[in-house]
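Q: Pasting in a structure now, in structure tokens, and then I'll have a few things to ask.
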Amino acid sequence: MSAAHFRQWLLPAVLIAALAALPFLGNAYLVTFTFTILIAYILGQSWDWVSGEMGYVNLGHYCFYGVGAYVFSIALVAHYPALFAMLVAAAITILIAVAVAVPLFRLHGDYFAFATLALLPLAEILAFNLTSITNGGDGIVLPIQSVLKASYLIALGVCVLAFFSTVWINSIRFGYALKSIRNDEEVAEVLGVRILPIKIKVLALSAAFASLAGAIQSWQMSYIDPPTVFGLNVALIPIAMVLLGGSGLRWGPLVGVIVLACIQQWLLVNIQSLQATVYGAIILLIGRFMPGGILRAPWLRNSRWFGALSQEHHEYIVEEKSGNKASTADTLPLPAIQVNRSKPLLECENLRMEFGGNVAVDNVNLKIMEGEIVGLIGPNGSGKTTLFNCISRVFDPTAGRIRLAGKDLSELRRDEIARLGVGRTHQIPRPFNDLTVQENIAIPLMFHDTKLSSQQAFLQAREFVAYAELEHRLTSRADSLSLQEKKALEFARALACKPKLLLVDEVASGLASSEVMRFVEHIRHVRDRYGITVIWVEHIFSALAQVVDRVVVLEQGAVIADGTLNEVVTNERVLESYLGGTVARAH
Amino acid sequence: MTVDVIIQVLIGGVLLGGVYALVAFGLSLIYGIVRILNFAHGTLLAVSGVVASLIYASYHLHPVFIALLLAAATFVFGYLFYMALLHPLGRRNHFESTVGTVLVTVGALLMLSDITAVMAGATQRNIQLDFEAFEIGAIVVSSAQVKILLGITGLMLAIHLLLTRTWFGRALRAVTENRVGALICGVNSTRLKALTFAFGSTTVAIAGVLYAISFPVSPYMGFGLTVKAFTIVVVGGVGNLRGALLAGILLGVAESMTSLLWKPEWAPALSMILMLLILVAKPQGFGKKSA
């Protein structure tokens, strides 16, 4: 362990030791107060895994706290040992979380927030009405024990576990899956991230911690009833605390919990009435003036003493190898694919995609040979992007069959298709906006090769970044890039899927001619050097013409021409519908 | 149990549902136009209900007059609240503006209910109108119920006319339907949002008076109503007056019937179960038809 390492861990270690010593030294008031902070931190941090990191605002998080409290209390009343009761509480809460995860995660955005919010009053009513289990409104009285010390120490343990879990989650593949889901779920899937199990796991994890918080606190309070563990007014407080500190930041939940808890305590002592009003006013003002949380406020970010606190989770940069400028195009960590030009890589048979009565792809039959570069052209709305979306399964085709290297894709999910070797770009670049360039590329890498550690993925990502000539932007957030840089990133990220088939959607449009030329070179290069088959949708026909082996023309969803460049540019129907009158008139 | 009792309860359910619909419609408008989840919405009903019953108890003003008074006050309050606290957040990035609005509305919720509780006491109260009963066969309808029915119908009609016959209403519907298109056509979005927020607050304040006539109100009851209103928005469609009315009445009747035919303690669970079932069956919610 190096000196720097040692220093880094010294402060937390001392802090934890001091907190652990508190119940033996401090007075009961201080211990109780610290205890409430610990509980609030467990709740807030576990909420932030789902909401801050994955971007699903779970307003019903407190339910898990309540379930934990009830299961624990019932088990304790039935004379099970406390630790065992806690484990049972966590286990049952995890089961419930897994059961609700599947239907809940069908929802997105505000609807997810609505639905989770409704869980709270529902749980409260259940607790009131299922009297045979919960004792209804009378609540449950736990056996009288003096457990302040024990509950405090357990809470501290869980708290420390929650903090280090956060740090750990953010350094592994799982954490990057959460971040990619937060940014753009659909893109995450077509890059090879399987999202449903990730969502279920993170909800289960978050539920387990919340239920432990509930169990520990009910043990300490020795009495629970429905409003104290499911009440709407208490339920939103931990969330407000995290938002106040800075959701999604490493220290955000902790800072928010401490600040708000201290304010709450101060109010309790110093103000006789209108405490909730002052409390509400503070929350309101923070929302109005520091909506990203205290730690995202510019003055704090730039301050010398506290700047380190506003550290984002994602500054994971591998320093070594930065001197190695030789990482040119030839050293991309891609497998060189043996190309057999007479073997079809992609086959579409009678592929059809309808939206209501609108036929976007009309019985397309298409065969793309290994190592081919095929230009896909057609007027706007002719179904080019829809065809891509069918291949990468963003849409479920209405009818027909798609095969990749002989394998039927119809039963596969988006992420499976991606891992099978389909990489794609989007017409309008869709980078993961709040992640760095390096992270954007590392995500597909770590999900395509599960043996790759995230550190190795970051190293490999540098090669792709160099290839895209974005080295100077390595640690920039993707949303700060120019259009041209975003397109370069999008292309490099698609390559990082290690594709056999690359679907390129209008990567050159809107760029200067020198930039267009660069993409032409790139596309030629990835085919020649790595044997990647390319389908390129592009309106800049002059660019396309320099590199394609074959051109396929779509009109109103149907293939109207399929042949060499010369065949297509002389095809009457193509001239009429797409390439336009000027060429036609020249005849 | 006779048919009469069922009809009797049905009438109560329809009235309750009508009030729910009014609450939900304000929320729905605000959500459709301003894109804000206003957590303080139901609390505004609770506060205006309490204030209305206080005014009625001490000055014996006519409820219609109280409603007008409160409507004006909440309109100004809503407008200023939006301009001072919510509008500036729109300039922030998506994450910060979402989080900011949650904090602002939750903060407002806590403040509103606490101030009301301190000023008026946390007890339940309502507007005690003179009781006059009309008997139709074995069914008894109180004069208060008739007045509430009149109030709901009148308000719904007024909202409908406002939405269909005025420029404000057309702008509202245009923005709900196609935000960008409407803005390109020259709809002033800031003013429209502020007016919508104010208007939504006004409807809920009037709903508060109607609510207080038939049911007890208390400062802390608001949040439960907000949840119910969310349910109705989800079921009825964002910005959809007819949808909100139908969903509200459905909910009110379902709650009353559950109380009557099964157990009253399960009635409040209906709205959440309904919302969850519908969301899970139709994750995108129902299409946003315009009002």
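Chain identifiers are assigned as A, B, and so on, following the order in which chains appear in the structure tokens; residues are numbered from 1 within each chain, and ligands are numbered from 1 in order of appearance.
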Within 6 Å of chain B, which residues of chain A show up when using only C-alpha atoms, listed as a list in words?
A: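 Close to chain B, chain A has Pro103, Leu107, Ala118, Leu122, Ala276, Thr277, Gly280, Ala281, Ile283, Leu284, Gly287, Arg288, Pro291 and Gly292 of chain A.
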Q: Please run DSSP on the backbone and report, as number ranges by chain, all residues within region 304-495 of chain A that come out as strand (DSSP E).
A: A: 344-355, 358-369, 373-377, 399-404, 407-408, 422-424
Q: Hey, what's within 9 Å of Phe33 (chain A) if we count only C-alpha atoms and toss same-chain stuff fewer than 4 positions away? As a list in words, please?
A: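 In the requested form, the answer reads Ala28, Tyr29, Ile37, Leu38, Ala261, Cys262 and Gln265 of chain A.
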Q: Give me, as a list in words, all polymer residues having an atom no more than 12 Å from Asn571 (chain A), counting only C-alpha atoms and skipping those fewer than 3 positions away in the same chain.
A: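 The residues that qualify are Val551, Val552, Val553, Ile560, Ala561, Asp562, Gly563, Thr564, Leu565, Asn566, Glu567, Val568, Val574, Leu575, Glu576, Ser577, Tyr578, Leu579, Gly580, Val583, Ala584 and His587 of chain A.
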Q: Just to confirm, what's the straight-line distance from CA of Asn363 (chain A) to CA of Gln427 (chain A) in Å (one decimal)?
A: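 Calculated distance between CA of Asn363 (chain A) and CA of Gln427 (chain A) is 23.3 Å.
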Q: Would you kindly return, as a PyMOL selection string, each protein, DNA or RNA residue with an atom no farther than 12 Å from any atom of Val14 (chain B), considering only C-alpha atoms and excluding same-chain residues fewer than 2 positions away?
A: chain B and resi 7-12+16-21+145-146+148-149+152-153+245-257
Q: Just checking: using only C-alpha atoms, which residue out of A:Val537, A:Val516, A:Leu153, A:Val100 ends up closest to Leu19 (chain A)?
A: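 Smallest separation from Leu19 (chain A) among the options: A:Leu153.
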Q: How many Å separate CA of Glu471 (chain A) from CA of Leu459 (chain A)?
A: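 Interatomic distance, CA of Glu471 (chain A) to CA of Leu459 (chain A): 12.6 Å.
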Q: Please determine, counting only C-alpha atoms, which residue among B:Trp167, B:Ala198, B:Ile159, B:Ile213 has the shortest atom-to-atom distance to Ala72 (chain B).
A: B:Ala198
Q: Give me, as a PDB file with N, CA and C atoms, in the first residue's frame, the residues of region 82-182 of chain B that a backbone DSSP run labels alpha helix (DSSP H).
A:
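The result, written out as part20.pdb:
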ATOM      1  N   HIS B  94     -31.678  19.370 -17.737  1.00  0.00           N
ATOM      2  CA  HIS B  94     -32.862  18.551 -17.469  1.00  0.00           C
ATOM      3  C   HIS B  94     -32.873  18.007 -16.040  1.00  0.00           C
ATOM      4  N   PHE B  95     -31.754  17.449 -15.645  1.00  0.00           N
ATOM      5  CA  PHE B  95     -31.686  16.831 -14.320  1.00  0.00           C
ATOM      6  C   PHE B  95     -31.953  17.866 -13.230  1.00  0.00           C
ATOM      7  N   GLU B  96     -31.253  19.003 -13.327  1.00  0.00           N
ATOM      8  CA  GLU B  96     -31.392  19.999 -12.274  1.00  0.00           C
ATOM      9  C   GLU B  96     -32.789  20.601 -12.245  1.00  0.00           C
ATOM     10  N   SER B  97     -33.395  20.790 -13.420  1.00  0.00           N
ATOM     11  CA  SER B  97     -34.730  21.389 -13.370  1.00  0.00           C
ATOM     12  C   SER B  97     -35.744  20.392 -12.806  1.00  0.00           C
ATOM     13  N   THR B  98     -35.580  19.110 -13.113  1.00  0.00           N
ATOM     14  CA  THR B  98     -36.496  18.116 -12.541  1.00  0.00           C
ATOM     15  C   THR B  98     -36.373  18.082 -11.023  1.00  0.00           C
ATOM     16  N   VAL B  99     -35.132  17.926 -10.578  1.00  0.00           N
ATOM     17  CA  VAL B  99     -34.883  17.850  -9.141  1.00  0.00           C
ATOM     18  C   VAL B  99     -35.334  19.137  -8.450  1.00  0.00           C
ATOM     19  N   GLY B 100     -35.027  20.262  -9.073  1.00  0.00           N
ATOM     20  CA  GLY B 100     -35.391  21.556  -8.494  1.00  0.00           C
ATOM     21  C   GLY B 100     -36.893  21.680  -8.309  1.00  0.00           C
ATOM     22  N   THR B 101     -37.667  21.267  -9.327  1.00  0.00           N
ATOM     23  CA  THR B 101     -39.116  21.399  -9.184  1.00  0.00           C
ATOM     24  C   THR B 101     -39.648  20.467  -8.101  1.00  0.00           C
ATOM     25  N   VAL B 102     -39.054  19.282  -7.999  1.00  0.00           N
ATOM     26  CA  VAL B 102     -39.489  18.381  -6.922  1.00  0.00           C
ATOM     27  C   VAL B 102     -39.251  19.044  -5.567  1.00  0.00           C
ATOM     28  N   LEU B 103     -38.056  19.583  -5.385  1.00  0.00           N
ATOM     29  CA  LEU B 103     -37.742  20.199  -4.094  1.00  0.00           C
ATOM     30  C   LEU B 103     -38.642  21.401  -3.814  1.00  0.00           C
ATOM     31  N   VAL B 104     -38.846  22.230  -4.833  1.00  0.00           N
ATOM     32  CA  VAL B 104     -39.661  23.424  -4.623  1.00  0.00           C
ATOM     33  C   VAL B 104     -41.097  23.041  -4.256  1.00  0.00           C
ATOM     34  N   THR B 105     -41.680  22.089  -4.997  1.00  0.00           N
ATOM     35  CA  THR B 105     -43.077  21.767  -4.707  1.00  0.00           C
ATOM     36  C   THR B 105     -43.210  21.001  -3.392  1.00  0.00           C
ATOM     37  N   VAL B 106     -42.242  20.139  -3.088  1.00  0.00           N
ATOM     38  CA  VAL B 106     -42.309  19.438  -1.799  1.00  0.00           C
ATOM     39  C   VAL B 106     -42.136  20.429  -0.644  1.00  0.00           C
ATOM     40  N   GLY B 107     -41.207  21.360  -0.823  1.00  0.00           N
ATOM     41  CA  GLY B 107     -41.020  22.398   0.197  1.00  0.00           C
ATOM     42  C   GLY B 107     -42.299  23.196   0.404  1.00  0.00           C
ATOM     43  N   ALA B 108     -42.943  23.553  -0.715  1.00  0.00           N
ATOM     44  CA  ALA B 108     -44.193  24.315  -0.627  1.00  0.00           C
ATOM     45  C   ALA B 108     -45.270  23.509   0.090  1.00  0.00           C
ATOM     46  N   LEU B 109     -45.298  22.202  -0.201  1.00  0.00           N
ATOM     47  CA  LEU B 109     -46.267  21.312   0.453  1.00  0.00           C
ATOM     48  C   LEU B 109     -46.103  21.359   1.965  1.00  0.00           C
ATOM     49  N   LEU B 110     -44.852  21.188   2.403  1.00  0.00           N
ATOM     50  CA  LEU B 110     -44.596  21.181   3.846  1.00  0.00           C
ATOM     51  C   LEU B 110     -44.992  22.513   4.469  1.00  0.00           C
ATOM     52  N   MET B 111     -44.618  23.605   3.793  1.00  0.00           N
ATOM     53  CA  MET B 111     -44.909  24.929   4.347  1.00  0.00           C
ATOM     54  C   MET B 111     -46.404  25.188   4.419  1.00  0.00           C
ATOM     55  N   LEU B 112     -47.091  24.912   3.308  1.00  0.00           N
ATOM     56  CA  LEU B 112     -48.523  25.205   3.254  1.00  0.00           C
ATOM     57  C   LEU B 112     -49.281  24.465   4.348  1.00  0.00           C
ATOM     58  N   SER B 113     -49.000  23.149   4.463  1.00  0.00           N
ATOM     59  CA  SER B 113     -49.800  22.412   5.446  1.00  0.00           C
ATOM     60  C   SER B 113     -49.419  22.813   6.867  1.00  0.00           C
ATOM     61  N   ASP B 114     -48.146  23.085   7.086  1.00  0.00           N
ATOM     62  CA  ASP B 114     -47.734  23.446   8.446  1.00  0.00           C
ATOM     63  C   ASP B 114     -48.301  24.806   8.861  1.00  0.00           C
ATOM     64  N   ILE B 115     -48.196  25.781   7.960  1.00  0.00           N
ATOM     65  CA  ILE B 115     -48.732  27.108   8.293  1.00  0.00           C
ATOM     66  C   ILE B 115     -50.231  27.014   8.582  1.00  0.00           C
ATOM     67  N   THR B 116     -50.922  26.270   7.720  1.00  0.00           N
ATOM     68  CA  THR B 116     -52.363  26.134   7.927  1.00  0.00           C
ATOM     69  C   THR B 116     -52.656  25.460   9.257  1.00  0.00           C
ATOM     70  N   ALA B 117     -51.888  24.422   9.566  1.00  0.00           N
ATOM     71  CA  ALA B 117     -52.134  23.704  10.812  1.00  0.00           C
ATOM     72  C   ALA B 117     -51.896  24.603  12.019  1.00  0.00           C
ATOM     73  N   VAL B 118     -50.854  25.436  11.933  1.00  0.00           N
ATOM     74  CA  VAL B 118     -50.561  26.315  13.057  1.00  0.00           C
ATOM     75  C   VAL B 118     -51.642  27.399  13.192  1.00  0.00           C
ATOM     76  N   MET B 119     -52.044  27.946  12.050  1.00  0.00           N
ATOM     77  CA  MET B 119     -53.038  29.016  12.080  1.00  0.00           C
ATOM     78  C   MET B 119     -54.428  28.505  12.467  1.00  0.00           C
ATOM     79  N   ALA B 120     -54.815  27.375  11.880  1.00  0.00           N
ATOM     80  CA  ALA B 120     -56.204  26.951  12.015  1.00  0.00           C
ATOM     81  C   ALA B 120     -56.376  25.719  12.887  1.00  0.00           C
ATOM     82  N   SER B 143     -79.638  19.197  -0.017  1.00  0.00           N
ATOM     83  CA  SER B 143     -79.450  20.409  -0.811  1.00  0.00           C
ATOM     84  C   SER B 143     -77.975  20.662  -1.052  1.00  0.00           C
ATOM     85  N   ALA B 144     -77.122  20.289  -0.093  1.00  0.00           N
ATOM     86  CA  ALA B 144     -75.687  20.470  -0.272  1.00  0.00           C
ATOM     87  C   ALA B 144     -75.200  19.686  -1.483  1.00  0.00           C
ATOM     88  N   GLN B 145     -75.740  18.450  -1.590  1.00  0.00           N
ATOM     89  CA  GLN B 145     -75.323  17.616  -2.726  1.00  0.00           C
ATOM     90  C   GLN B 145     -75.706  18.262  -4.047  1.00  0.00           C
ATOM     91  N   VAL B 146     -76.918  18.818  -4.075  1.00  0.00           N
ATOM     92  CA  VAL B 146     -77.370  19.476  -5.297  1.00  0.00           C
ATOM     93  C   VAL B 146     -76.453  20.652  -5.616  1.00  0.00           C
ATOM     94  N   LYS B 147     -76.101  21.399  -4.569  1.00  0.00           N
ATOM     95  CA  LYS B 147     -75.227  22.553  -4.802  1.00  0.00           C
ATOM     96  C   LYS B 147     -73.858  22.125  -5.315  1.00  0.00           C
ATOM     97  N   ILE B 148     -73.343  21.049  -4.733  1.00  0.00           N
ATOM     98  CA  ILE B 148     -72.037  20.561  -5.200  1.00  0.00           C
ATOM     99  C   ILE B 148     -72.133  20.147  -6.662  1.00  0.00           C
ATOM    100  N   LEU B 149     -73.226  19.442  -6.964  1.00  0.00           N
ATOM    101  CA  LEU B 149     -73.412  19.001  -8.345  1.00  0.00           C
ATOM    102  C   LEU B 149     -73.440  20.209  -9.276  1.00  0.00           C
ATOM    103  N   LEU B 150     -74.181  21.219  -8.860  1.00  0.00           N
ATOM    104  CA  LEU B 150     -74.246  22.440  -9.662  1.00  0.00           C
ATOM    105  C   LEU B 150     -72.856  23.065  -9.802  1.00  0.00           C
ATOM    106  N   GLY B 151     -72.149  23.089  -8.686  1.00  0.00           N
ATOM    107  CA  GLY B 151     -70.805  23.677  -8.705  1.00  0.00           C
ATOM    108  C   GLY B 151     -69.885  22.946  -9.661  1.00  0.00           C
ATOM    109  N   ILE B 152     -69.886  21.615  -9.566  1.00  0.00           N
ATOM    110  CA  ILE B 152     -69.002  20.830 -10.433  1.00  0.00           C
ATOM    111  C   ILE B 152     -69.371  21.046 -11.892  1.00  0.00           C
ATOM    112  N   THR B 153     -70.680  20.953 -12.164  1.00  0.00           N
ATOM    113  CA  THR B 153     -71.109  21.103 -13.551  1.00  0.00           C
ATOM    114  C   THR B 153     -70.742  22.486 -14.070  1.00  0.00           C
ATOM    115  N   GLY B 154     -71.026  23.493 -13.264  1.00  0.00           N
ATOM    116  CA  GLY B 154     -70.725  24.851 -13.695  1.00  0.00           C
ATOM    117  C   GLY B 154     -69.246  25.049 -13.967  1.00  0.00           C
ATOM    118  N   LEU B 155     -68.420  24.531 -13.070  1.00  0.00           N
ATOM    119  CA  LEU B 155     -66.986  24.709 -13.218  1.00  0.00           C
ATOM    120  C   LEU B 155     -66.456  23.967 -14.436  1.00  0.00           C
ATOM    121  N   MET B 156     -66.965  22.748 -14.604  1.00  0.00           N
ATOM    122  CA  MET B 156     -66.531  21.951 -15.763  1.00  0.00           C
ATOM    123  C   MET B 156     -66.904  22.671 -17.056  1.00  0.00           C
ATOM    124  N   LEU B 157     -68.119  23.210 -17.044  1.00  0.00           N
ATOM    125  CA  LEU B 157     -68.593  23.918 -18.233  1.00  0.00           C
ATOM    126  C   LEU B 157     -67.714  25.141 -18.496  1.00  0.00           C
ATOM    127  N   ALA B 158     -67.406  25.843 -17.416  1.00  0.00           N
ATOM    128  CA  ALA B 158     -66.571  27.034 -17.566  1.00  0.00           C
ATOM    129  C   ALA B 158     -65.200  26.664 -18.112  1.00  0.00           C
ATOM    130  N   ILE B 159     -64.636  25.586 -17.567  1.00  0.00           N
ATOM    131  CA  ILE B 159     -63.315  25.159 -18.045  1.00  0.00           C
ATOM    132  C   ILE B 159     -63.396  24.762 -19.517  1.00  0.00           C
ATOM    133  N   HIS B 160     -64.465  24.029 -19.826  1.00  0.00           N
ATOM    134  CA  HIS B 160     -64.630  23.584 -21.218  1.00  0.00           C
ATOM    135  C   HIS B 160     -64.717  24.786 -22.151  1.00  0.00           C
ATOM    136  N   LEU B 161     -65.513  25.762 -21.776  1.00  0.00           N
ATOM    137  CA  LEU B 161     -65.649  26.948 -22.616  1.00  0.00           C
ATOM    138  C   LEU B 161     -64.321  27.684 -22.732  1.00  0.00           C
ATOM    139  N   LEU B 162     -63.638  27.778 -21.601  1.00  0.00           N
ATOM    140  CA  LEU B 162     -62.350  28.470 -21.609  1.00  0.00           C
ATOM    141  C   LEU B 162     -61.380  27.779 -22.569  1.00  0.00           C
ATOM    142  N   LEU B 163     -61.408  26.448 -22.541  1.00  0.00           N
ATOM    143  CA  LEU B 163     -60.450  25.711 -23.371  1.00  0.00           C
ATOM    144  C   LEU B 163     -60.802  25.762 -24.846  1.00  0.00           C
ATOM    145  N   THR B 164     -62.109  25.834 -25.134  1.00  0.00           N
ATOM    146  CA  THR B 164     -62.487  25.743 -26.540  1.00  0.00           C
ATOM    147  C   THR B 164     -62.775  27.103 -27.172  1.00  0.00           C
ATOM    148  N   ARG B 165     -63.092  28.091 -26.358  1.00  0.00           N
ATOM    149  CA  ARG B 165     -63.555  29.346 -26.950  1.00  0.00           C
ATOM    150  C   ARG B 165     -62.591  30.524 -26.811  1.00  0.00           C
ATOM    151  N   TRP B 167     -58.487  32.277 -26.653  1.00  0.00           N
ATOM    152  CA  TRP B 167     -57.125  32.103 -27.170  1.00  0.00           C
ATOM    153  C   TRP B 167     -56.270  31.369 -26.167  1.00  0.00           C
ATOM    154  N   PHE B 168     -56.489  31.665 -24.902  1.00  0.00           N
ATOM    155  CA  PHE B 168     -55.730  30.960 -23.868  1.00  0.00           C
ATOM    156  C   PHE B 168     -55.942  29.454 -23.993  1.00  0.00           C
ATOM    157  N   GLY B 169     -57.212  29.068 -24.141  1.00  0.00           N
ATOM    158  CA  GLY B 169     -57.529  27.650 -24.245  1.00  0.00           C
ATOM    159  C   GLY B 169     -56.953  27.026 -25.492  1.00  0.00           C
ATOM    160  N   ARG B 170     -57.028  27.759 -26.606  1.00  0.00           N
ATOM    161  CA  ARG B 170     -56.494  27.196 -27.844  1.00  0.00           C
ATOM    162  C   ARG B 170     -54.985  27.010 -27.724  1.00  0.00           C
ATOM    163  N   ALA B 171     -54.336  28.016 -27.126  1.00  0.00           N
ATOM    164  CA  ALA B 171     -52.887  27.910 -26.945  1.00  0.00           C
ATOM    165  C   ALA B 171     -52.557  26.708 -26.064  1.00  0.00           C
ATOM    166  N   LEU B 172     -53.347  26.530 -25.010  1.00  0.00           N
ATOM    167  CA  LEU B 172     -53.137  25.391 -24.116  1.00  0.00           C
ATOM    168  C   LEU B 172     -53.237  24.083 -24.856  1.00  0.00           C
ATOM    169  N   ARG B 173     -54.320  23.955 -25.621  1.00  0.00           N
ATOM    170  CA  ARG B 173     -54.510  22.688 -26.323  1.00  0.00           C
ATOM    171  C   ARG B 173     -53.420  22.481 -27.349  1.00  0.00           C
ATOM    172  N   ALA B 174     -53.023  23.574 -27.997  1.00  0.00           N
ATOM    173  CA  ALA B 174     -51.978  23.454 -29.016  1.00  0.00           C
ATOM    174  C   ALA B 174     -50.678  22.958 -28.388  1.00  0.00           C
ATOM    175  N   VAL B 175     -50.340  23.521 -27.230  1.00  0.00           N
ATOM    176  CA  VAL B 175     -49.077  23.129 -26.608  1.00  0.00           C
ATOM    177  C   VAL B 175     -49.145  21.691 -26.109  1.00  0.00           C
ATOM    178  N   THR B 176     -50.306  21.293 -25.567  1.00  0.00           N
ATOM    179  CA  THR B 176     -50.430  19.911 -25.112  1.00  0.00           C
ATOM    180  C   THR B 176     -50.243  18.958 -26.284  1.00  0.00           C
ATOM    181  N   GLU B 177     -50.804  19.333 -27.423  1.00  0.00           N
ATOM    182  CA  GLU B 177     -50.755  18.463 -28.593  1.00  0.00           C
ATOM    183  C   GLU B 177     -49.352  18.434 -29.201  1.00  0.00           C
ATOM    184  N   ARG B 179     -45.912  20.659 -28.667  1.00  0.00           N
ATOM    185  CA  ARG B 179     -45.237  21.757 -27.984  1.00  0.00           C
ATOM    186  C   ARG B 179     -44.432  22.623 -28.952  1.00  0.00           C
ATOM    187  N   VAL B 180     -43.545  21.990 -29.700  1.00  0.00           N
ATOM    188  CA  VAL B 180     -42.647  22.758 -30.561  1.00  0.00           C
ATOM    189  C   VAL B 180     -43.440  23.509 -31.620  1.00  0.00           C
ATOM    190  N   GLY B 181     -44.391  22.787 -32.211  1.00  0.00           N
ATOM    191  CA  GLY B 181     -45.206  23.407 -33.246  1.00  0.00           C
ATOM    192  C   GLY B 181     -45.892  24.660 -32.738  1.00  0.00           C
ATOM    193  N   ALA B 182     -46.451  24.565 -31.541  1.00  0.00           N
ATOM    194  CA  ALA B 182     -47.167  25.706 -30.979  1.00  0.00           C
ATOM    195  C   ALA B 182     -46.217  26.874 -30.711  1.00  0.00           C
TER     196      ALA B 182
END
Q: So that I can see what lies close to region 45-53 of chain B, please list as number ranges by chain the residues with an atom at most 9 Å from it, counting only C-alpha atoms and leaving out residues fewer than 2 positions away in the same chain.
A: B: 23, 41-43, 55-58, 63, 66-67, 70, 74, 112-113, 116, 120, 124-128, 201, 204-213, 216-223, 225
Q: Which residues are near region 71-84 of chain A? Cut-off 8 Å, only C-alpha atoms, ignore same chain within fewer than 2 positions. Put them as a ChimeraX atom specification.
A: /A:67-69,86-89,92,134,140,142-143,215,218-219
Q: Write out the residues from the selection above, keeping C-alpha atoms, as a CSV table (one decimal), in the first residue's frame.
A:
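Dumped everything to out_33.csv:
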chain,number,residue,atom,x,y,z
A,67,VAL,CA,-41.6,-3.7,5.0
A,68,GLY,CA,-38.2,-4.2,6.7
A,69,ALA,CA,-39.5,-2.6,9.9
A,86,MET,CA,-32.9,-8.5,10.3
A,87,LEU,CA,-31.7,-11.0,7.7
A,88,VAL,CA,-35.2,-12.3,7.3
A,89,ALA,CA,-36.4,-8.8,6.8
A,92,ILE,CA,-38.4,-10.9,2.3
A,134,THR,CA,-49.6,-6.1,11.2
A,140,ILE,CA,-46.5,-3.4,17.0
A,142,LEU,CA,-41.4,-4.6,20.4
A,143,PRO,CA,-40.0,-6.3,23.5
A,215,ALA,CA,-35.4,-3.1,10.9
A,218,SER,CA,-37.8,-0.1,14.6
A,219,TRP,CA,-35.5,-2.1,16.9
